[in-house]
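> Okay, so here is work_6.txt, and as you'll see once you scroll down, it has compact mmCIF, C-alpha atoms.
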```txt
# COMPACT_ATOMS: atom_id res chain seq x y z
CA MET A 1 44.98 117.13 120.74
CA GLN A 2 44.56 113.37 121.16
CA ALA A 3 44.40 111.16 118.11
CA ILE A 4 43.99 107.55 117.10
CA VAL A 5 45.48 105.50 114.29
CA LEU A 6 43.53 102.47 113.07
CA PHE A 7 46.32 100.24 111.79
CA GLY A 8 45.48 97.40 109.41
CA HIS A 9 47.36 94.89 107.31
CA GLY A 10 46.54 96.21 103.84
CA ALA A 11 45.73 94.18 100.70
CA ARG A 12 46.07 94.40 96.94
CA ASP A 13 42.30 94.66 96.43
CA ILE A 14 41.26 98.25 97.10
CA ARG A 15 37.81 97.09 98.23
CA TRP A 16 39.49 95.34 101.17
CA ARG A 17 39.79 98.71 102.90
CA GLU A 18 36.06 99.50 102.90
CA PRO A 19 35.47 98.39 106.52
CA PHE A 20 38.46 100.50 107.55
CA ASP A 21 36.95 103.56 105.90
CA ARG A 22 33.69 102.76 107.69
CA LEU A 23 35.56 102.48 111.02
CA ALA A 24 37.16 105.89 110.48
CA ALA A 25 33.79 107.41 109.55
CA LEU A 26 32.20 105.95 112.70
CA TRP A 27 35.05 107.37 114.76
CA ARG A 28 34.63 110.84 113.24
CA THR A 29 30.90 110.80 113.95
CA GLN A 30 31.23 109.67 117.55
CA HIS A 31 34.60 111.09 118.67
CA SER A 32 35.05 114.27 116.67
CA GLU A 33 37.22 115.78 119.45
CA SER A 34 39.98 113.26 118.59
CA ALA A 35 41.47 112.99 115.11
CA VAL A 36 41.64 109.62 113.38
CA GLU A 37 43.85 108.31 110.58
CA LEU A 38 44.04 104.91 108.95
CA ALA A 39 47.45 103.32 108.39
CA PHE A 40 48.55 100.08 106.75
CA LEU A 41 51.44 97.69 107.21
CA GLU A 42 51.78 96.87 103.52
CA MET A 43 50.19 97.17 100.09
CA MET A 44 48.14 100.26 101.02
CA GLU A 45 48.87 103.81 102.06
CA PRO A 46 49.36 105.72 104.25
CA SER A 47 52.07 103.93 106.21
CA LEU A 48 52.12 104.21 109.99
CA GLU A 49 54.77 106.92 109.75
CA GLN A 50 52.80 108.90 107.16
CA ALA A 51 49.65 108.70 109.31
CA ILE A 52 51.49 109.88 112.42
CA ALA A 53 53.14 112.70 110.45
CA SER A 54 49.68 113.91 109.37
CA LEU A 55 48.39 113.82 112.92
CA VAL A 56 51.42 115.65 114.30
CA ALA A 57 51.06 118.28 111.56
CA ALA A 58 47.42 118.67 112.63
CA GLY A 59 48.50 119.28 116.23
CA ALA A 60 48.29 115.84 117.86
CA THR A 61 50.35 115.51 121.03
CA LYS A 62 49.07 112.07 122.09
CA VAL A 63 48.59 109.27 119.55
CA VAL A 64 47.24 105.79 120.31
CA VAL A 65 47.69 103.16 117.60
CA VAL A 66 45.00 100.45 117.50
CA PRO A 67 46.04 97.36 115.51
CA VAL A 68 42.92 96.25 113.64
CA PHE A 69 44.07 92.64 113.43
CA PHE A 70 42.45 89.54 114.87
CA GLY A 71 45.55 87.68 115.95
CA GLN A 72 48.89 88.86 117.23
CA GLY A 73 51.22 86.97 114.92
CA ALA A 74 54.66 87.85 113.60
CA HIS A 75 53.45 91.12 112.04
CA LEU A 76 52.34 92.54 115.36
CA ARG A 77 54.92 90.87 117.56
CA ASN A 78 57.96 91.64 115.39
CA ASP A 79 57.33 94.21 112.63
CA PHE A 80 54.97 96.54 114.46
CA PRO A 81 57.12 97.40 117.53
CA VAL A 82 60.00 98.32 115.21
CA LEU A 83 57.75 100.61 113.16
CA LEU A 84 56.29 102.15 116.29
CA SER A 85 59.64 102.88 117.88
CA ALA A 86 60.94 104.41 114.62
CA CYS A 87 57.93 106.74 114.70
CA GLN A 88 58.57 107.65 118.34
CA GLU A 89 62.19 108.48 117.48
CA LYS A 90 61.07 110.67 114.60
CA TYR A 91 58.48 112.50 116.77
CA PRO A 92 60.05 112.44 120.25
CA THR A 93 57.74 115.08 121.71
CA ILE A 94 54.45 113.20 121.22
CA ALA A 95 53.10 110.56 123.57
CA LEU A 96 52.88 107.52 121.30
CA SER A 97 51.43 104.18 122.46
CA ALA A 98 49.64 101.14 121.10
CA THR A 99 46.88 98.85 122.27
CA PRO A 100 46.81 95.06 121.81
CA ALA A 101 45.14 93.81 118.61
CA VAL A 102 41.38 94.39 118.57
CA GLY A 103 40.93 90.60 118.41
CA GLU A 104 42.13 90.51 122.03
CA ASP A 105 39.08 92.49 123.15
CA LEU A 106 36.22 90.40 124.52
CA ALA A 107 33.55 92.83 123.30
CA VAL A 108 34.87 92.54 119.73
CA LEU A 109 34.86 88.73 119.99
CA GLN A 110 31.34 88.82 121.44
CA ALA A 111 30.12 90.95 118.53
CA ILE A 112 31.50 88.31 116.13
CA VAL A 113 29.76 85.49 118.04
CA ASP A 114 26.49 87.45 117.96
CA PHE A 115 26.88 88.03 114.21
CA GLY A 116 27.33 84.28 113.67
CA ALA A 117 24.37 83.44 115.88
CA ARG A 118 22.09 85.80 113.95
CA ALA A 119 23.22 84.18 110.67
CA LEU A 120 22.49 80.70 111.97
CA ILE A 121 18.95 81.60 113.07
CA SER A 122 18.00 83.43 109.86
CA MET B 1 22.03 69.74 113.76
CA GLN B 2 23.05 73.28 112.80
CA ALA B 3 26.70 74.22 112.89
CA ILE B 4 28.99 77.16 112.32
CA VAL B 5 32.50 77.41 110.90
CA LEU B 6 34.63 80.38 111.94
CA PHE B 7 36.90 80.79 108.94
CA GLY B 8 40.12 82.77 109.32
CA HIS B 9 43.18 83.53 107.22
CA GLY B 10 45.78 81.56 109.18
CA ALA B 11 49.38 82.59 109.94
CA ARG B 12 52.78 81.04 110.52
CA ASP B 13 52.85 82.11 114.18
CA ILE B 14 50.75 79.64 116.19
CA ARG B 15 49.87 82.36 118.72
CA TRP B 16 48.00 84.17 115.95
CA ARG B 17 45.13 81.72 116.40
CA GLU B 18 44.51 82.50 120.08
CA PRO B 19 41.58 84.88 119.45
CA PHE B 20 40.05 82.23 117.18
CA ASP B 21 40.25 79.65 119.94
CA ARG B 22 38.64 82.20 122.25
CA LEU B 23 35.86 82.80 119.73
CA ALA B 24 35.15 79.07 119.49
CA ALA B 25 35.14 78.77 123.29
CA LEU B 26 32.68 81.68 123.59
CA TRP B 27 30.47 80.03 120.98
CA ARG B 28 30.49 76.70 122.84
CA THR B 29 29.55 78.42 126.10
CA GLN B 30 26.71 80.45 124.62
CA HIS B 31 25.40 78.29 121.76
CA SER B 32 26.03 74.72 122.83
CA GLU B 33 23.10 73.51 120.72
CA SER B 34 25.09 74.30 117.55
CA ALA B 35 28.50 72.80 116.86
CA VAL B 36 31.42 75.07 115.98
CA GLU B 37 34.67 74.42 114.14
CA LEU B 38 37.51 76.73 113.21
CA ALA B 39 38.92 76.58 109.68
CA PHE B 40 41.78 78.41 107.97
CA LEU B 41 42.52 79.51 104.42
CA GLU B 42 46.25 78.85 104.65
CA MET B 43 49.15 78.07 106.97
CA MET B 44 46.93 76.52 109.67
CA GLU B 45 44.65 73.53 109.94
CA PRO B 46 41.94 72.43 109.62
CA SER B 47 41.06 73.56 106.12
CA LEU B 48 37.48 74.53 105.32
CA GLU B 49 36.88 71.10 103.83
CA GLN B 50 38.31 69.32 106.87
CA ALA B 51 36.16 71.40 109.22
CA ILE B 52 32.99 70.70 107.23
CA ALA B 53 33.85 66.99 107.08
CA SER B 54 34.08 66.94 110.90
CA LEU B 55 30.75 68.68 111.27
CA VAL B 56 29.02 66.39 108.77
CA ALA B 57 30.48 63.36 110.58
CA ALA B 58 29.04 64.78 113.82
CA GLY B 59 25.59 65.04 112.22
CA ALA B 60 25.42 68.61 110.92
CA THR B 61 22.81 69.15 108.21
CA LYS B 62 23.09 72.95 108.03
CA VAL B 63 26.45 74.70 108.11
CA VAL B 64 27.01 78.47 108.03
CA VAL B 65 30.54 79.67 107.36
CA VAL B 66 31.47 83.01 108.95
CA PRO B 67 34.58 84.61 107.41
CA VAL B 68 36.48 86.15 110.33
CA PHE B 69 38.16 88.74 108.14
CA PHE B 70 37.93 92.52 108.28
CA GLY B 71 37.93 93.28 104.58
CA GLN B 72 36.57 91.40 101.61
CA GLY B 73 39.62 91.36 99.36
CA ALA B 74 40.75 88.82 96.80
CA HIS B 75 40.81 85.97 99.35
CA LEU B 76 37.12 86.28 100.09
CA ARG B 77 35.95 87.43 96.67
CA ASN B 78 37.90 84.88 94.62
CA ASP B 79 39.37 82.00 96.66
CA PHE B 80 36.60 81.52 99.18
CA PRO B 81 33.61 80.96 96.81
CA VAL B 82 35.63 78.28 94.99
CA LEU B 83 36.43 76.51 98.27
CA LEU B 84 32.84 76.77 99.42
CA SER B 85 31.38 75.37 96.24
CA ALA B 86 33.87 72.48 96.25
CA CYS B 87 32.65 71.66 99.79
CA GLN B 88 29.02 71.83 98.68
CA GLU B 89 29.78 69.42 95.82
CA LYS B 90 31.47 67.05 98.22
CA TYR B 91 28.57 67.18 100.70
CA PRO B 92 25.52 67.78 98.47
CA THR B 93 22.98 66.87 101.14
CA ILE B 94 23.88 69.59 103.65
CA ALA B 95 22.64 73.18 103.51
CA LEU B 96 25.88 75.14 103.21
CA SER B 97 25.99 78.93 103.18
CA ALA B 98 28.28 81.81 104.12
CA THR B 99 27.88 85.24 105.65
CA PRO B 100 29.78 88.36 104.55
CA ALA B 101 33.05 89.04 106.39
CA VAL B 102 32.55 89.98 110.04
CA GLY B 103 34.14 93.35 109.24
CA GLU B 104 30.97 94.17 107.29
CA ASP B 105 28.92 94.01 110.51
CA LEU B 106 28.21 97.37 112.12
CA ALA B 107 28.18 95.92 115.66
CA VAL B 108 31.67 94.48 115.13
CA LEU B 109 32.93 97.84 113.83
CA GLN B 110 31.27 99.62 116.77
CA ALA B 111 33.01 97.31 119.24
CA ILE B 112 36.35 98.24 117.62
CA VAL B 113 35.56 101.97 117.87
CA ASP B 114 34.61 101.54 121.53
CA PHE B 115 37.86 99.65 122.21
CA GLY B 116 39.84 102.52 120.66
CA ALA B 117 37.88 105.12 122.62
CA ARG B 118 38.58 103.34 125.92
CA ALA B 119 42.30 103.21 125.08
CA LEU B 120 42.40 106.94 124.32
CA ILE B 121 40.75 107.89 127.61
CA SER B 122 42.91 105.67 129.79
```
Can you present the structure in this file as structure tokens?

Amino acid sequence: MQAIVLFGHGARDIRWREPFDRLAALWRTQHSESAVELAFLEMMEPSLEQAIASLVAAGATKVVVVPVFFGQGAHLRNDFPVLLSACQEKYPTIALSATPAVGEDLAVLQAIVDFGARALIS
Amino acid sequence: MQAIVLFGHGARDIRWREPFDRLAALWRTQHSESAVELAFLEMMEPSLEQAIASLVAAGATKVVVVPVFFGQGAHLRNDFPVLLSACQEKYPTIALSATPAVGEDLAVLQAIVDFGARALIS
């Protein structure tokens, strides 16, 4: 089974995660053949390792981690590769990879521009 | 003149702002009739007040601030309204408003899901 992890920063305010829950729900509706888990760098659970453990327990053999961050700062350039390679060591038999941050994707940026343009007109 | 401020968190790593610069460039290409400025909550400049000052100096009479955040945590629920109302007090003649965080927009979330789905297939 293929699976995806939507990996966010985390925050103290529990309501901060609402869009992440909505993302996971969208994924489940549209891509039910692939499992999805959320994971957070800090202040929220599950951690990346906990999320990957759940997916492996559910039978995932290929896991792609999508960093739901705008920019690729120190967290993604320094902390994230270390976390990811620790997970790969712990689960050597799965194919584990990561995409760039979603803020690197032109379609995501375009959706933000369109959102701003609609707000300016209204 | 109408104008937009793309308001992000900010980070120590200067490369973190690259997607924000790309967003502003997209805006300028597609919506050249409306000025755009970036602004950051912390660790990067300009501040929200500096960005609004620039836009007012350039002739903006209506400014919409778009929080380029995924979740609406303490930063957006507590810090941001205070900043925004201080700017409105400083520039009482402009129409100043804000949208919800871009992570509240379904089209933005959909673009993220699509990005993940493409990564899983490839």
> Which distance in Å separates CA of Leu96 (chain A) and CA of Val113 (chain B), to one decimal?
18.5 Å
> Can you measure CA of Phe69 (chain B) to CA of Pro92 (chain B) for me? One decimal in Å is fine.
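A separation of 26.3 Å between them.
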> Please identify all residues of chain A having at least one atom at most 7 Å from any atom of chain B, considering only C-alpha atoms, and return them as a list of chain:residue names.
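Those within range of chain B come out as A:Ala11, A:Asp13, A:Arg15, A:Trp16, A:Arg17, A:Glu18, A:Pro19, A:Leu23, A:Trp27, A:Val64, A:Val66, A:Phe70, A:Gly71, A:Gln72, A:Gly73, A:Ala74, A:Thr99, A:Val102, A:Gly103, A:Glu104, A:Ala107, A:Val108, A:Leu109, A:Ala111, A:Ile112, A:Val113, A:Gly116, A:Ala119, A:Leu120.
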> In Å, how far is it from CA of Leu83 (chain B) to CA of Asp21 (chain B)?
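Between CA of Leu83 (chain B) and CA of Asp21 (chain B) the gap works out to 22.2 Å.
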> (37.3, 78.2, 104.1) in this file's frame - what residues fall within 7 Å of it? Use only C-alpha atoms and give the answer as JSON, numbers by chain.
{"B": [7, 39, 40, 41, 47, 48, 80, 83, 84]}
> Take the residues from that selection and write them out as a short mmCIF file (atom, residue, chain, number, x, y, z; two decimals), in the frame of the given file, keeping C-alpha atoms.

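Below is the file that was written, part_20.cif:
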```cif
data_model
loop_
_atom_site.label_atom_id
_atom_site.label_comp_id
_atom_site.auth_asym_id
_atom_site.auth_seq_id
_atom_site.Cartn_x
_atom_site.Cartn_y
_atom_site.Cartn_z
CA PHE B 7 36.90 80.79 108.94
CA ALA B 39 38.92 76.58 109.68
CA PHE B 40 41.78 78.41 107.97
CA LEU B 41 42.52 79.51 104.42
CA SER B 47 41.06 73.56 106.12
CA LEU B 48 37.48 74.53 105.32
CA PHE B 80 36.60 81.52 99.18
CA LEU B 83 36.43 76.51 98.27
CA LEU B 84 32.84 76.77 99.42
#
```
> Can you complete the atoms of region 34-68 of chain B to N, CA and C atoms and list them as a PDB file, keeping the file's coordinate frame?

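Contents of the output file part_12.pdb:
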```
ATOM      1  N   SER B  34      24.530  74.305 118.911  1.00  0.00           N
ATOM      2  CA  SER B  34      25.090  74.300 117.550  1.00  0.00           C
ATOM      3  C   SER B  34      26.598  74.060 117.632  1.00  0.00           C
ATOM      4  N   ALA B  35      27.063  73.095 116.843  1.00  0.00           N
ATOM      5  CA  ALA B  35      28.500  72.800 116.860  1.00  0.00           C
ATOM      6  C   ALA B  35      29.284  73.935 116.207  1.00  0.00           C
ATOM      7  N   VAL B  36      30.531  74.060 116.586  1.00  0.00           N
ATOM      8  CA  VAL B  36      31.420  75.070 115.980  1.00  0.00           C
ATOM      9  C   VAL B  36      32.755  74.415 115.655  1.00  0.00           C
ATOM     10  N   GLU B  37      33.308  74.801 114.497  1.00  0.00           N
ATOM     11  CA  GLU B  37      34.670  74.420 114.140  1.00  0.00           C
ATOM     12  C   GLU B  37      35.388  75.644 113.599  1.00  0.00           C
ATOM     13  N   LEU B  38      36.676  75.734 113.882  1.00  0.00           N
ATOM     14  CA  LEU B  38      37.510  76.730 113.210  1.00  0.00           C
ATOM     15  C   LEU B  38      37.960  76.149 111.870  1.00  0.00           C
ATOM     16  N   ALA B  39      38.293  77.009 110.927  1.00  0.00           N
ATOM     17  CA  ALA B  39      38.920  76.580 109.680  1.00  0.00           C
ATOM     18  C   ALA B  39      39.784  77.733 109.175  1.00  0.00           C
ATOM     19  N   PHE B  40      40.835  77.377 108.412  1.00  0.00           N
ATOM     20  CA  PHE B  40      41.780  78.410 107.970  1.00  0.00           C
ATOM     21  C   PHE B  40      42.057  78.296 106.476  1.00  0.00           C
ATOM     22  N   LEU B  41      42.244  79.454 105.853  1.00  0.00           N
ATOM     23  CA  LEU B  41      42.520  79.510 104.420  1.00  0.00           C
ATOM     24  C   LEU B  41      43.899  78.951 104.113  1.00  0.00           C
ATOM     25  N   GLU B  42      44.887  79.307 104.923  1.00  0.00           N
ATOM     26  CA  GLU B  42      46.250  78.850 104.650  1.00  0.00           C
ATOM     27  C   GLU B  42      47.093  78.868 105.927  1.00  0.00           C
ATOM     28  N   MET B  43      48.133  78.100 105.911  1.00  0.00           N
ATOM     29  CA  MET B  43      49.150  78.070 106.970  1.00  0.00           C
ATOM     30  C   MET B  43      48.693  77.459 108.298  1.00  0.00           C
ATOM     31  N   MET B  44      47.414  77.176 108.455  1.00  0.00           N
ATOM     32  CA  MET B  44      46.930  76.520 109.670  1.00  0.00           C
ATOM     33  C   MET B  44      45.861  75.497 109.294  1.00  0.00           C
ATOM     34  N   GLU B  45      45.690  74.540 110.144  1.00  0.00           N
ATOM     35  CA  GLU B  45      44.650  73.530 109.940  1.00  0.00           C
ATOM     36  C   GLU B  45      43.623  73.640 111.045  1.00  0.00           C
ATOM     37  N   PRO B  46      42.402  73.130 110.830  1.00  0.00           N
ATOM     38  CA  PRO B  46      41.940  72.430 109.620  1.00  0.00           C
ATOM     39  C   PRO B  46      41.600  73.375 108.484  1.00  0.00           C
ATOM     40  N   SER B  47      41.561  72.828 107.273  1.00  0.00           N
ATOM     41  CA  SER B  47      41.060  73.560 106.120  1.00  0.00           C
ATOM     42  C   SER B  47      39.545  73.651 106.223  1.00  0.00           C
ATOM     43  N   LEU B  48      38.941  74.437 105.336  1.00  0.00           N
ATOM     44  CA  LEU B  48      37.480  74.530 105.320  1.00  0.00           C
ATOM     45  C   LEU B  48      36.865  73.154 105.086  1.00  0.00           C
ATOM     46  N   GLU B  49      37.445  72.418 104.144  1.00  0.00           N
ATOM     47  CA  GLU B  49      36.880  71.100 103.830  1.00  0.00           C
ATOM     48  C   GLU B  49      36.999  70.144 105.023  1.00  0.00           C
ATOM     49  N   GLN B  50      38.134  70.178 105.688  1.00  0.00           N
ATOM     50  CA  GLN B  50      38.310  69.320 106.870  1.00  0.00           C
ATOM     51  C   GLN B  50      37.302  69.675 107.965  1.00  0.00           C
ATOM     52  N   ALA B  51      37.090  70.968 108.168  1.00  0.00           N
ATOM     53  CA  ALA B  51      36.160  71.400 109.220  1.00  0.00           C
ATOM     54  C   ALA B  51      34.734  70.943 108.896  1.00  0.00           C
ATOM     55  N   ILE B  52      34.354  71.108 107.630  1.00  0.00           N
ATOM     56  CA  ILE B  52      32.990  70.700 107.230  1.00  0.00           C
ATOM     57  C   ILE B  52      32.846  69.182 107.323  1.00  0.00           C
ATOM     58  N   ALA B  53      33.885  68.459 106.943  1.00  0.00           N
ATOM     59  CA  ALA B  53      33.850  66.990 107.080  1.00  0.00           C
ATOM     60  C   ALA B  53      33.603  66.588 108.529  1.00  0.00           C
ATOM     61  N   SER B  54      34.278  67.253 109.468  1.00  0.00           N
ATOM     62  CA  SER B  54      34.080  66.940 110.900  1.00  0.00           C
ATOM     63  C   SER B  54      32.649  67.186 111.319  1.00  0.00           C
ATOM     64  N   LEU B  55      32.111  68.322 110.870  1.00  0.00           N
ATOM     65  CA  LEU B  55      30.750  68.680 111.270  1.00  0.00           C
ATOM     66  C   LEU B  55      29.729  67.720 110.670  1.00  0.00           C
ATOM     67  N   VAL B  56      29.934  67.339 109.417  1.00  0.00           N
ATOM     68  CA  VAL B  56      29.020  66.390 108.770  1.00  0.00           C
ATOM     69  C   VAL B  56      29.096  65.047 109.508  1.00  0.00           C
ATOM     70  N   ALA B  57      30.304  64.628 109.845  1.00  0.00           N
ATOM     71  CA  ALA B  57      30.480  63.360 110.580  1.00  0.00           C
ATOM     72  C   ALA B  57      29.770  63.415 111.929  1.00  0.00           C
ATOM     73  N   ALA B  58      29.702  64.619 112.516  1.00  0.00           N
ATOM     74  CA  ALA B  58      29.040  64.780 113.820  1.00  0.00           C
ATOM     75  C   ALA B  58      27.534  64.957 113.675  1.00  0.00           C
ATOM     76  N   GLY B  59      27.038  64.978 112.425  1.00  0.00           N
ATOM     77  CA  GLY B  59      25.590  65.040 112.220  1.00  0.00           C
ATOM     78  C   GLY B  59      25.042  66.372 111.765  1.00  0.00           C
ATOM     79  N   ALA B  60      25.919  67.300 111.373  1.00  0.00           N
ATOM     80  CA  ALA B  60      25.420  68.610 110.920  1.00  0.00           C
ATOM     81  C   ALA B  60      24.703  68.477 109.580  1.00  0.00           C
ATOM     82  N   THR B  61      23.555  69.140 109.472  1.00  0.00           N
ATOM     83  CA  THR B  61      22.810  69.150 108.210  1.00  0.00           C
ATOM     84  C   THR B  61      22.735  70.570 107.641  1.00  0.00           C
ATOM     85  N   LYS B  62      23.037  71.552 108.488  1.00  0.00           N
ATOM     86  CA  LYS B  62      23.090  72.950 108.030  1.00  0.00           C
ATOM     87  C   LYS B  62      24.366  73.570 108.572  1.00  0.00           C
ATOM     88  N   VAL B  63      25.181  74.116 107.685  1.00  0.00           N
ATOM     89  CA  VAL B  63      26.450  74.700 108.110  1.00  0.00           C
ATOM     90  C   VAL B  63      26.555  76.120 107.547  1.00  0.00           C
ATOM     91  N   VAL B  64      26.786  77.077 108.440  1.00  0.00           N
ATOM     92  CA  VAL B  64      27.010  78.470 108.030  1.00  0.00           C
ATOM     93  C   VAL B  64      28.477  78.807 108.279  1.00  0.00           C
ATOM     94  N   VAL B  65      29.133  79.298 107.240  1.00  0.00           N
ATOM     95  CA  VAL B  65      30.540  79.670 107.360  1.00  0.00           C
ATOM     96  C   VAL B  65      30.636  81.191 107.562  1.00  0.00           C
ATOM     97  N   VAL B  66      31.303  81.587 108.633  1.00  0.00           N
ATOM     98  CA  VAL B  66      31.470  83.010 108.950  1.00  0.00           C
ATOM     99  C   VAL B  66      32.929  83.392 108.705  1.00  0.00           C
ATOM    100  N   PRO B  67      33.202  84.183 107.663  1.00  0.00           N
ATOM    101  CA  PRO B  67      34.580  84.610 107.410  1.00  0.00           C
ATOM    102  C   PRO B  67      35.029  85.645 108.452  1.00  0.00           C
ATOM    103  N   VAL B  68      35.972  85.252 109.290  1.00  0.00           N
ATOM    104  CA  VAL B  68      36.480  86.150 110.330  1.00  0.00           C
ATOM    105  C   VAL B  68      37.638  86.951 109.720  1.00  0.00           C
TER     106      VAL B  68
END
```
